[in-house]
file run27.cif (mmCIF, N, CA and C atoms)
data_coords
loop_
_atom_site.label_atom_id
_atom_site.label_comp_id
_atom_site.auth_asym_id
_atom_site.auth_seq_id
_atom_site.Cartn_x
_atom_site.Cartn_y
_atom_site.Cartn_z
N MET A 227 -18.11 17.35 5.89
CA MET A 227 -17.59 16.71 4.70
C MET A 227 -16.09 16.92 4.61
N ARG A 228 -15.37 15.86 4.22
CA ARG A 228 -13.92 15.94 4.14
C ARG A 228 -13.49 16.68 2.88
N GLU A 229 -12.37 17.36 3.00
CA GLU A 229 -11.80 18.11 1.88
C GLU A 229 -11.26 17.14 0.82
N THR A 230 -11.53 17.41 -0.44
CA THR A 230 -11.01 16.62 -1.55
C THR A 230 -9.54 16.95 -1.76
N LYS A 231 -8.72 15.93 -1.96
CA LYS A 231 -7.29 16.10 -2.20
C LYS A 231 -6.98 15.72 -3.65
N GLU A 232 -6.14 16.51 -4.29
CA GLU A 232 -5.72 16.21 -5.65
C GLU A 232 -4.43 15.40 -5.62
N LEU A 233 -4.42 14.32 -6.39
CA LEU A 233 -3.21 13.52 -6.55
C LEU A 233 -2.78 13.59 -8.01
N GLN A 234 -1.58 14.07 -8.23
CA GLN A 234 -1.03 14.08 -9.58
C GLN A 234 -0.41 12.72 -9.84
N VAL A 235 -0.85 12.08 -10.95
CA VAL A 235 -0.42 10.72 -11.26
C VAL A 235 0.24 10.69 -12.63
N LYS A 236 1.45 10.13 -12.68
CA LYS A 236 2.11 9.89 -13.96
C LYS A 236 1.98 8.40 -14.26
N TYR A 237 1.43 8.08 -15.43
CA TYR A 237 1.32 6.68 -15.85
C TYR A 237 2.58 6.32 -16.62
N MET A 238 3.25 5.26 -16.20
CA MET A 238 4.55 4.88 -16.73
C MET A 238 4.45 3.97 -17.95
N VAL A 239 3.29 3.35 -18.16
CA VAL A 239 3.11 2.42 -19.28
C VAL A 239 1.78 2.70 -19.97
N GLU A 240 1.74 2.39 -21.25
CA GLU A 240 0.49 2.51 -22.00
C GLU A 240 -0.43 1.33 -21.67
N GLY A 241 -1.74 1.59 -21.73
CA GLY A 241 -2.71 0.52 -21.57
C GLY A 241 -3.03 0.16 -20.14
N LEU A 242 -2.47 0.87 -19.17
CA LEU A 242 -2.78 0.60 -17.76
C LEU A 242 -4.07 1.33 -17.40
N GLU A 243 -5.00 0.61 -16.79
CA GLU A 243 -6.24 1.26 -16.38
C GLU A 243 -5.94 2.34 -15.35
N GLU A 244 -6.63 3.47 -15.48
CA GLU A 244 -6.35 4.60 -14.60
C GLU A 244 -6.94 4.39 -13.20
N LEU A 245 -6.31 5.06 -12.24
CA LEU A 245 -6.79 5.00 -10.85
C LEU A 245 -8.17 5.61 -10.76
N CYS A 246 -8.98 5.06 -9.88
CA CYS A 246 -10.29 5.65 -9.61
C CYS A 246 -10.71 5.31 -8.20
N CYS A 247 -11.52 6.18 -7.63
CA CYS A 247 -12.07 5.95 -6.29
C CYS A 247 -13.41 5.24 -6.42
N VAL A 248 -13.58 4.22 -5.61
CA VAL A 248 -14.85 3.50 -5.57
C VAL A 248 -15.72 4.17 -4.51
N PRO A 249 -16.93 4.61 -4.86
CA PRO A 249 -17.79 5.26 -3.87
C PRO A 249 -17.97 4.38 -2.63
N GLY A 250 -17.79 4.98 -1.48
CA GLY A 250 -17.96 4.27 -0.22
C GLY A 250 -16.71 3.55 0.27
N SER A 251 -15.62 3.61 -0.49
CA SER A 251 -14.38 2.95 -0.08
C SER A 251 -13.29 3.99 0.10
N ASP A 252 -12.44 3.78 1.10
CA ASP A 252 -11.30 4.66 1.33
C ASP A 252 -10.04 4.15 0.63
N TRP A 253 -10.11 3.01 -0.04
CA TRP A 253 -8.95 2.39 -0.65
C TRP A 253 -9.05 2.46 -2.17
N VAL A 254 -7.89 2.58 -2.83
CA VAL A 254 -7.81 2.67 -4.29
C VAL A 254 -6.99 1.49 -4.79
N ASP A 255 -7.54 0.74 -5.75
CA ASP A 255 -6.85 -0.44 -6.28
C ASP A 255 -5.65 -0.05 -7.14
N LEU A 256 -4.60 -0.86 -7.04
CA LEU A 256 -3.40 -0.72 -7.86
C LEU A 256 -3.24 -1.98 -8.70
N ARG A 257 -2.71 -1.84 -9.90
CA ARG A 257 -2.66 -2.93 -10.87
C ARG A 257 -1.24 -3.26 -11.32
N ALA A 258 -1.05 -4.51 -11.71
CA ALA A 258 0.23 -4.91 -12.30
C ALA A 258 0.40 -4.16 -13.62
N ALA A 259 1.57 -3.57 -13.82
CA ALA A 259 1.82 -2.77 -15.02
C ALA A 259 2.32 -3.60 -16.19
N GLU A 260 2.54 -4.90 -15.97
CA GLU A 260 3.01 -5.79 -17.02
C GLU A 260 2.62 -7.22 -16.65
N ASP A 261 2.68 -8.12 -17.64
CA ASP A 261 2.48 -9.53 -17.35
C ASP A 261 3.64 -10.01 -16.48
N VAL A 262 3.32 -10.78 -15.43
CA VAL A 262 4.34 -11.26 -14.50
C VAL A 262 4.16 -12.76 -14.30
N THR A 263 5.26 -13.50 -14.40
CA THR A 263 5.25 -14.93 -14.11
C THR A 263 6.18 -15.17 -12.92
N LEU A 264 5.66 -15.82 -11.89
CA LEU A 264 6.45 -16.12 -10.69
C LEU A 264 6.38 -17.61 -10.41
N THR A 265 7.47 -18.16 -9.88
CA THR A 265 7.47 -19.54 -9.43
C THR A 265 7.40 -19.56 -7.91
N ALA A 266 6.94 -20.65 -7.35
CA ALA A 266 6.83 -20.78 -5.89
C ALA A 266 8.16 -20.44 -5.23
N GLY A 267 8.12 -19.58 -4.22
CA GLY A 267 9.31 -19.17 -3.49
C GLY A 267 10.03 -17.97 -4.08
N GLU A 268 9.54 -17.44 -5.19
CA GLU A 268 10.20 -16.31 -5.83
C GLU A 268 9.68 -14.98 -5.28
N PHE A 269 10.59 -14.03 -5.17
CA PHE A 269 10.26 -12.66 -4.75
C PHE A 269 10.45 -11.75 -5.95
N ARG A 270 9.54 -10.77 -6.10
CA ARG A 270 9.69 -9.79 -7.17
C ARG A 270 9.03 -8.49 -6.76
N LEU A 271 9.64 -7.39 -7.14
CA LEU A 271 9.02 -6.08 -7.01
C LEU A 271 8.19 -5.87 -8.28
N ILE A 272 6.90 -6.05 -8.17
CA ILE A 272 6.01 -5.94 -9.32
C ILE A 272 5.74 -4.47 -9.60
N PRO A 273 6.07 -3.99 -10.82
CA PRO A 273 5.80 -2.59 -11.14
C PRO A 273 4.31 -2.32 -11.22
N LEU A 274 3.91 -1.18 -10.64
CA LEU A 274 2.49 -0.79 -10.63
C LEU A 274 2.19 0.29 -11.66
N GLY A 275 3.20 0.75 -12.37
CA GLY A 275 3.00 1.62 -13.52
C GLY A 275 2.62 3.06 -13.23
N ILE A 276 2.77 3.49 -11.99
CA ILE A 276 2.42 4.87 -11.65
C ILE A 276 3.50 5.51 -10.79
N ALA A 277 3.61 6.81 -10.90
CA ALA A 277 4.35 7.64 -9.96
C ALA A 277 3.33 8.69 -9.50
N VAL A 278 3.35 9.03 -8.21
CA VAL A 278 2.31 9.89 -7.64
C VAL A 278 2.94 11.00 -6.81
N ALA A 279 2.46 12.22 -7.00
CA ALA A 279 2.83 13.33 -6.13
C ALA A 279 1.73 13.45 -5.07
N LEU A 280 2.02 12.94 -3.89
CA LEU A 280 1.05 13.01 -2.79
C LEU A 280 0.94 14.44 -2.29
N PRO A 281 -0.21 14.80 -1.72
CA PRO A 281 -0.34 16.14 -1.13
C PRO A 281 0.66 16.34 0.01
N GLU A 282 1.06 17.56 0.21
CA GLU A 282 1.98 17.91 1.29
C GLU A 282 1.41 17.41 2.62
N GLY A 283 2.26 16.74 3.41
CA GLY A 283 1.84 16.28 4.73
C GLY A 283 1.13 14.93 4.73
N TYR A 284 1.19 14.19 3.62
CA TYR A 284 0.53 12.89 3.52
C TYR A 284 1.51 11.82 3.09
N GLU A 285 1.17 10.57 3.41
CA GLU A 285 1.89 9.40 2.94
C GLU A 285 0.85 8.38 2.48
N ALA A 286 1.29 7.40 1.71
CA ALA A 286 0.39 6.35 1.24
C ALA A 286 0.72 5.04 1.93
N HIS A 287 -0.31 4.29 2.32
CA HIS A 287 -0.16 2.95 2.87
C HIS A 287 -0.65 1.96 1.81
N VAL A 288 0.19 0.98 1.49
CA VAL A 288 -0.11 0.00 0.44
C VAL A 288 -0.20 -1.38 1.07
N VAL A 289 -1.32 -2.08 0.80
CA VAL A 289 -1.55 -3.42 1.33
C VAL A 289 -2.16 -4.29 0.24
N PRO A 290 -2.11 -5.62 0.39
CA PRO A 290 -2.74 -6.49 -0.61
C PRO A 290 -4.26 -6.32 -0.60
N ARG A 291 -4.89 -6.63 -1.73
CA ARG A 291 -6.35 -6.72 -1.76
C ARG A 291 -6.74 -8.00 -1.02
N SER A 292 -7.95 -8.07 -0.53
CA SER A 292 -8.36 -9.24 0.26
C SER A 292 -8.34 -10.53 -0.55
N SER A 293 -8.48 -10.46 -1.86
CA SER A 293 -8.52 -11.66 -2.70
C SER A 293 -7.16 -12.03 -3.29
N THR A 294 -6.13 -11.25 -3.07
CA THR A 294 -4.85 -11.47 -3.74
C THR A 294 -4.23 -12.82 -3.37
N PHE A 295 -4.24 -13.19 -2.10
CA PHE A 295 -3.65 -14.47 -1.73
C PHE A 295 -4.50 -15.63 -2.24
N LYS A 296 -5.80 -15.53 -2.05
CA LYS A 296 -6.69 -16.61 -2.49
C LYS A 296 -6.57 -16.85 -3.98
N ASN A 297 -6.55 -15.81 -4.78
CA ASN A 297 -6.55 -15.94 -6.23
C ASN A 297 -5.17 -16.21 -6.83
N TYR A 298 -4.11 -15.68 -6.21
CA TYR A 298 -2.79 -15.74 -6.84
C TYR A 298 -1.70 -16.35 -5.96
N GLY A 299 -1.99 -16.60 -4.68
CA GLY A 299 -0.98 -17.17 -3.80
C GLY A 299 0.16 -16.21 -3.51
N LEU A 300 -0.10 -14.91 -3.58
CA LEU A 300 0.93 -13.90 -3.34
C LEU A 300 0.79 -13.28 -1.96
N LEU A 301 1.91 -13.07 -1.32
CA LEU A 301 1.98 -12.36 -0.05
C LEU A 301 2.78 -11.09 -0.26
N GLN A 302 2.41 -10.02 0.45
CA GLN A 302 3.22 -8.80 0.41
C GLN A 302 4.39 -9.02 1.34
N ALA A 303 5.60 -8.92 0.81
CA ALA A 303 6.80 -9.31 1.56
C ALA A 303 7.08 -8.44 2.78
N ASN A 304 6.65 -7.20 2.80
CA ASN A 304 6.93 -6.35 3.95
C ASN A 304 5.67 -6.00 4.75
N SER A 305 4.63 -6.81 4.66
CA SER A 305 3.38 -6.67 5.40
C SER A 305 2.57 -5.44 5.01
N MET A 306 3.15 -4.26 5.11
CA MET A 306 2.48 -3.04 4.66
C MET A 306 3.55 -2.11 4.09
N GLY A 307 3.26 -1.55 2.94
CA GLY A 307 4.19 -0.61 2.34
C GLY A 307 3.82 0.81 2.70
N VAL A 308 4.83 1.63 2.90
CA VAL A 308 4.62 3.05 3.16
C VAL A 308 5.34 3.83 2.07
N VAL A 309 4.59 4.65 1.35
CA VAL A 309 5.18 5.52 0.34
C VAL A 309 5.24 6.91 0.95
N ASP A 310 6.44 7.36 1.22
CA ASP A 310 6.67 8.66 1.82
C ASP A 310 6.31 9.76 0.83
N GLY A 311 5.84 10.88 1.33
CA GLY A 311 5.46 12.00 0.49
C GLY A 311 6.59 12.56 -0.35
N SER A 312 7.85 12.30 0.03
CA SER A 312 8.98 12.79 -0.74
C SER A 312 9.30 11.90 -1.94
N TYR A 313 8.67 10.72 -2.02
CA TYR A 313 8.87 9.80 -3.15
C TYR A 313 7.89 10.22 -4.23
N ARG A 314 8.24 11.27 -4.97
CA ARG A 314 7.28 11.92 -5.85
C ARG A 314 7.88 12.37 -7.17
N GLY A 315 9.06 11.85 -7.51
CA GLY A 315 9.73 12.26 -8.73
C GLY A 315 9.18 11.57 -9.97
N ASP A 316 9.59 12.07 -11.10
CA ASP A 316 9.13 11.58 -12.40
C ASP A 316 9.42 10.09 -12.60
N GLY A 317 10.50 9.59 -12.01
CA GLY A 317 10.85 8.18 -12.16
C GLY A 317 10.56 7.33 -10.95
N ASP A 318 9.87 7.86 -9.96
CA ASP A 318 9.59 7.14 -8.71
C ASP A 318 8.35 6.25 -8.86
N GLN A 319 8.49 5.21 -9.69
CA GLN A 319 7.38 4.29 -9.92
C GLN A 319 7.11 3.45 -8.67
N TRP A 320 5.84 3.32 -8.34
CA TRP A 320 5.44 2.47 -7.24
C TRP A 320 5.59 1.01 -7.67
N ARG A 321 6.02 0.18 -6.74
CA ARG A 321 6.15 -1.26 -6.96
C ARG A 321 5.58 -2.00 -5.77
N TRP A 322 5.21 -3.24 -6.00
CA TRP A 322 4.62 -4.05 -4.93
C TRP A 322 5.52 -5.25 -4.66
N PRO A 323 6.05 -5.39 -3.42
CA PRO A 323 6.97 -6.48 -3.10
C PRO A 323 6.21 -7.79 -2.86
N ALA A 324 6.22 -8.67 -3.87
CA ALA A 324 5.42 -9.89 -3.82
C ALA A 324 6.28 -11.13 -3.61
N TYR A 325 5.78 -12.04 -2.77
CA TYR A 325 6.39 -13.35 -2.56
C TYR A 325 5.37 -14.40 -3.00
N ALA A 326 5.77 -15.26 -3.93
CA ALA A 326 4.86 -16.27 -4.48
C ALA A 326 4.92 -17.56 -3.67
N THR A 327 3.77 -18.04 -3.24
CA THR A 327 3.70 -19.31 -2.52
C THR A 327 3.42 -20.47 -3.47
N ARG A 328 3.10 -20.15 -4.73
CA ARG A 328 2.88 -21.17 -5.77
C ARG A 328 3.22 -20.54 -7.12
N ASP A 329 3.37 -21.36 -8.13
CA ASP A 329 3.60 -20.85 -9.48
C ASP A 329 2.36 -20.09 -9.93
N VAL A 330 2.57 -18.91 -10.54
CA VAL A 330 1.42 -18.08 -10.91
C VAL A 330 1.78 -17.17 -12.08
N ILE A 331 0.79 -16.91 -12.90
CA ILE A 331 0.90 -15.92 -13.97
C ILE A 331 -0.08 -14.81 -13.67
N ILE A 332 0.41 -13.59 -13.64
CA ILE A 332 -0.42 -12.42 -13.36
C ILE A 332 -0.48 -11.57 -14.62
N PRO A 333 -1.65 -11.45 -15.24
CA PRO A 333 -1.75 -10.61 -16.44
C PRO A 333 -1.67 -9.12 -16.09
N LYS A 334 -1.18 -8.34 -17.05
CA LYS A 334 -1.17 -6.88 -16.90
C LYS A 334 -2.58 -6.41 -16.56
N ASN A 335 -2.67 -5.41 -15.71
CA ASN A 335 -3.92 -4.79 -15.24
C ASN A 335 -4.63 -5.58 -14.16
N THR A 336 -4.01 -6.66 -13.67
CA THR A 336 -4.60 -7.40 -12.55
C THR A 336 -4.52 -6.54 -11.29
N ARG A 337 -5.63 -6.42 -10.58
CA ARG A 337 -5.65 -5.67 -9.33
C ARG A 337 -5.01 -6.54 -8.24
N LEU A 338 -3.86 -6.11 -7.75
CA LEU A 338 -3.11 -6.89 -6.76
C LEU A 338 -3.14 -6.29 -5.37
N CYS A 339 -3.09 -4.97 -5.31
CA CYS A 339 -2.98 -4.31 -4.01
C CYS A 339 -3.80 -3.04 -4.04
N GLN A 340 -3.79 -2.33 -2.92
CA GLN A 340 -4.59 -1.13 -2.79
C GLN A 340 -3.86 -0.15 -1.88
N PHE A 341 -4.22 1.12 -2.01
CA PHE A 341 -3.59 2.12 -1.15
C PHE A 341 -4.63 3.12 -0.66
N ARG A 342 -4.24 3.82 0.38
CA ARG A 342 -4.98 4.98 0.88
C ARG A 342 -3.94 5.96 1.38
N ILE A 343 -4.30 7.23 1.39
CA ILE A 343 -3.37 8.22 1.92
C ILE A 343 -3.81 8.61 3.33
N VAL A 344 -2.83 8.90 4.15
CA VAL A 344 -3.09 9.31 5.53
C VAL A 344 -2.17 10.48 5.87
N GLU A 345 -2.64 11.31 6.78
CA GLU A 345 -1.81 12.44 7.21
C GLU A 345 -0.58 11.92 7.96
N ASN A 346 0.51 12.64 7.76
CA ASN A 346 1.73 12.30 8.49
C ASN A 346 1.50 12.47 9.99
N GLN A 347 2.24 11.71 10.75
CA GLN A 347 2.17 11.81 12.20
C GLN A 347 2.65 13.19 12.64
N PRO A 348 1.99 13.78 13.62
CA PRO A 348 2.46 15.10 14.10
C PRO A 348 3.80 14.94 14.82
N PRO A 349 4.53 16.04 15.02
CA PRO A 349 5.77 15.95 15.79
C PRO A 349 5.48 15.40 17.19
N LEU A 350 6.37 14.56 17.68
CA LEU A 350 6.19 13.92 18.99
C LEU A 350 7.32 14.32 19.93
N VAL A 351 7.01 14.38 21.22
CA VAL A 351 7.99 14.56 22.28
C VAL A 351 7.79 13.41 23.24
N PHE A 352 8.88 12.70 23.58
CA PHE A 352 8.79 11.56 24.48
C PHE A 352 9.25 11.97 25.87
N THR A 353 8.42 11.66 26.89
CA THR A 353 8.72 12.01 28.27
C THR A 353 8.80 10.74 29.11
N ARG A 354 9.92 10.54 29.76
CA ARG A 354 10.09 9.37 30.63
C ARG A 354 9.26 9.56 31.90
N VAL A 355 8.50 8.53 32.29
CA VAL A 355 7.72 8.55 33.53
C VAL A 355 7.98 7.26 34.30
N GLU A 356 7.68 7.25 35.58
CA GLU A 356 7.82 6.06 36.42
C GLU A 356 6.56 5.21 36.41
N ARG A 357 5.42 5.85 36.09
CA ARG A 357 4.14 5.13 36.15
C ARG A 357 3.18 5.73 35.12
N LEU A 358 2.40 4.86 34.50
CA LEU A 358 1.35 5.30 33.58
C LEU A 358 0.01 5.23 34.31
N GLU A 359 -0.88 6.15 34.03
CA GLU A 359 -2.13 6.27 34.76
C GLU A 359 -3.25 5.37 34.24
N GLY A 360 -3.10 4.78 33.04
CA GLY A 360 -4.17 3.95 32.47
C GLY A 360 -4.32 2.63 33.19
N PRO A 361 -5.45 1.96 32.99
CA PRO A 361 -5.65 0.64 33.62
C PRO A 361 -4.72 -0.40 32.98
N ASP A 362 -4.29 -1.37 33.76
CA ASP A 362 -3.46 -2.46 33.27
C ASP A 362 -4.37 -3.54 32.71
N ARG A 363 -4.25 -3.82 31.43
CA ARG A 363 -5.15 -4.77 30.77
C ARG A 363 -4.62 -6.20 30.77
N GLY A 364 -3.45 -6.45 31.35
CA GLY A 364 -2.97 -7.82 31.45
C GLY A 364 -1.84 -8.17 30.49
N GLY A 365 -1.34 -7.23 29.75
CA GLY A 365 -0.21 -7.51 28.88
C GLY A 365 -0.62 -7.93 27.47
N PHE A 366 0.37 -8.00 26.60
CA PHE A 366 0.17 -8.30 25.18
C PHE A 366 -0.51 -9.65 25.00
N GLY A 367 -1.59 -9.65 24.23
CA GLY A 367 -2.31 -10.90 23.93
C GLY A 367 -3.29 -11.34 24.98
N SER A 368 -3.45 -10.60 26.05
CA SER A 368 -4.29 -11.05 27.16
C SER A 368 -5.79 -10.98 26.84
N THR A 369 -6.19 -10.14 25.88
CA THR A 369 -7.63 -10.02 25.60
C THR A 369 -8.11 -11.11 24.64
N GLY A 370 -7.22 -11.90 24.09
CA GLY A 370 -7.62 -12.93 23.14
C GLY A 370 -7.98 -14.26 23.79
N ARG A 371 -7.99 -14.34 25.09
CA ARG A 371 -8.28 -15.63 25.78
C ARG A 371 -9.77 -15.85 25.89
#

call {"tool": "encode", "arguments": {"input": "run27.cif", "output": "structure tokens"}}
result
Amino acid sequence: MRETKELQVKYMVEGLEELCCVPGSDWVDLRAAEDVTLTAGEFRLIPLGIAVALPEGYEAHVVPRSSTFKNYGLLQANSMGVVDGSYRGDGDQWRWPAYATRDVIIPKNTRLCQFRIVENQPPLVFTRVERLEGPDRGGFGSTGR
């Protein structure tokens, strides 16, 4: 069984539904902290209304929910967000970088994205070699034929 980790969460706005873990899921939904209106082609950092002190040695990965594009026409502008463990101050509110493909109104508390925490990468040492011992699979994209 995996060890339970405590996350200290500061809620930046009143009336925002609190974070919760869904049994059987490794991802936690994040919500818009205010009503947001976007026009097609507009970019906005949507406030998520929380600041989080992640456990030592962890970072958070933030991605859209599977229904976000279908329901709202929003894309995450940077593909995947990474919240470093040092981003943990009282005013370090999480935001979601959204690009609107159509005009849309997002009500406060709408679930837009989700996060999970992962351990930081261990220290790495890079060694130059002339040859790698693994099998050659045919190059990038070769398995999709």

call {"tool": "resolve_selection", "arguments": {"input": "run27.cif", "expression": "the PyMOL selection byres (((chain A and resi 262 and name CA) around 10) and name CA)", "output": "PyMOL selection string"}}
result
chain A and resi 258-261+263-264+270+272-273+330-334+336

call {"tool": "resolve_selection", "arguments": {"input": "run27.cif", "expression": "the PyMOL selection byres ((chain A and resi 298) around 7)", "output": "list of chain:residue names"}}
result
A:Ser293, A:Thr294, A:Phe295, A:Lys296, A:Asn297, A:Gly299, A:Leu300, A:Leu301, A:Ala326, A:Thr327, A:Arg328, A:Asp329, A:Val330

call {"tool": "atom_distance", "arguments": {"input": "run27.cif", "atom1": "atom C of A:Leu280", "atom2": "atom N of A:Phe352"}}
result
27.1 Å

call {"tool": "resolve_selection", "arguments": {"input": "run27.cif", "expression": "the PyMOL selection byres (((chain A and resi 285 and name CA) around 7) and name CA)", "output": "compact mmCIF listing (two decimals) with N, CA and C atoms, in the coordinates of the input"}}
result
# COMPACT_ATOMS: atom_id res chain seq x y z
N LEU A 280 2.02 12.94 -3.89
CA LEU A 280 1.05 13.01 -2.79
C LEU A 280 0.94 14.44 -2.29
N TYR A 284 1.19 14.19 3.62
CA TYR A 284 0.53 12.89 3.52
C TYR A 284 1.51 11.82 3.09
N ALA A 286 1.29 7.40 1.71
CA ALA A 286 0.39 6.35 1.24
C ALA A 286 0.72 5.04 1.93
N HIS A 287 -0.31 4.29 2.32
CA HIS A 287 -0.16 2.95 2.87
C HIS A 287 -0.65 1.96 1.81
N VAL A 308 4.83 1.63 2.90
CA VAL A 308 4.62 3.05 3.16
C VAL A 308 5.34 3.83 2.07
N VAL A 309 4.59 4.65 1.35
CA VAL A 309 5.18 5.52 0.34
C VAL A 309 5.24 6.91 0.95
N ASP A 310 6.44 7.36 1.22
CA ASP A 310 6.67 8.66 1.82
C ASP A 310 6.31 9.76 0.83
N GLY A 311 5.84 10.88 1.33
CA GLY A 311 5.46 12.00 0.49
C GLY A 311 6.59 12.56 -0.35
N ILE A 343 -4.30 7.23 1.39
CA ILE A 343 -3.37 8.22 1.92
C ILE A 343 -3.81 8.61 3.33
N VAL A 344 -2.83 8.90 4.15
CA VAL A 344 -3.09 9.31 5.53
C VAL A 344 -2.17 10.48 5.87
N GLU A 345 -2.64 11.31 6.78
CA GLU A 345 -1.81 12.44 7.21
C GLU A 345 -0.58 11.92 7.96
N ASN A 346 0.51 12.64 7.76
CA ASN A 346 1.73 12.30 8.49
C ASN A 346 1.50 12.47 9.99

call {"tool": "residues_around", "arguments": {"input": "run27.cif", "residues": "A:Gly317", "least_positions_apart": "5", "cutoff": "8 Å", "atoms": "all atoms listed in the file", "output": "list in words"}}
result
Ile276, Ala277 and Val278 of chain A

call {"tool": "atom_distance", "arguments": {"input": "run27.cif", "atom1": "atom CA of A:Gly283", "atom2": "atom CA of A:Asn335"}}
result
29.6 Å
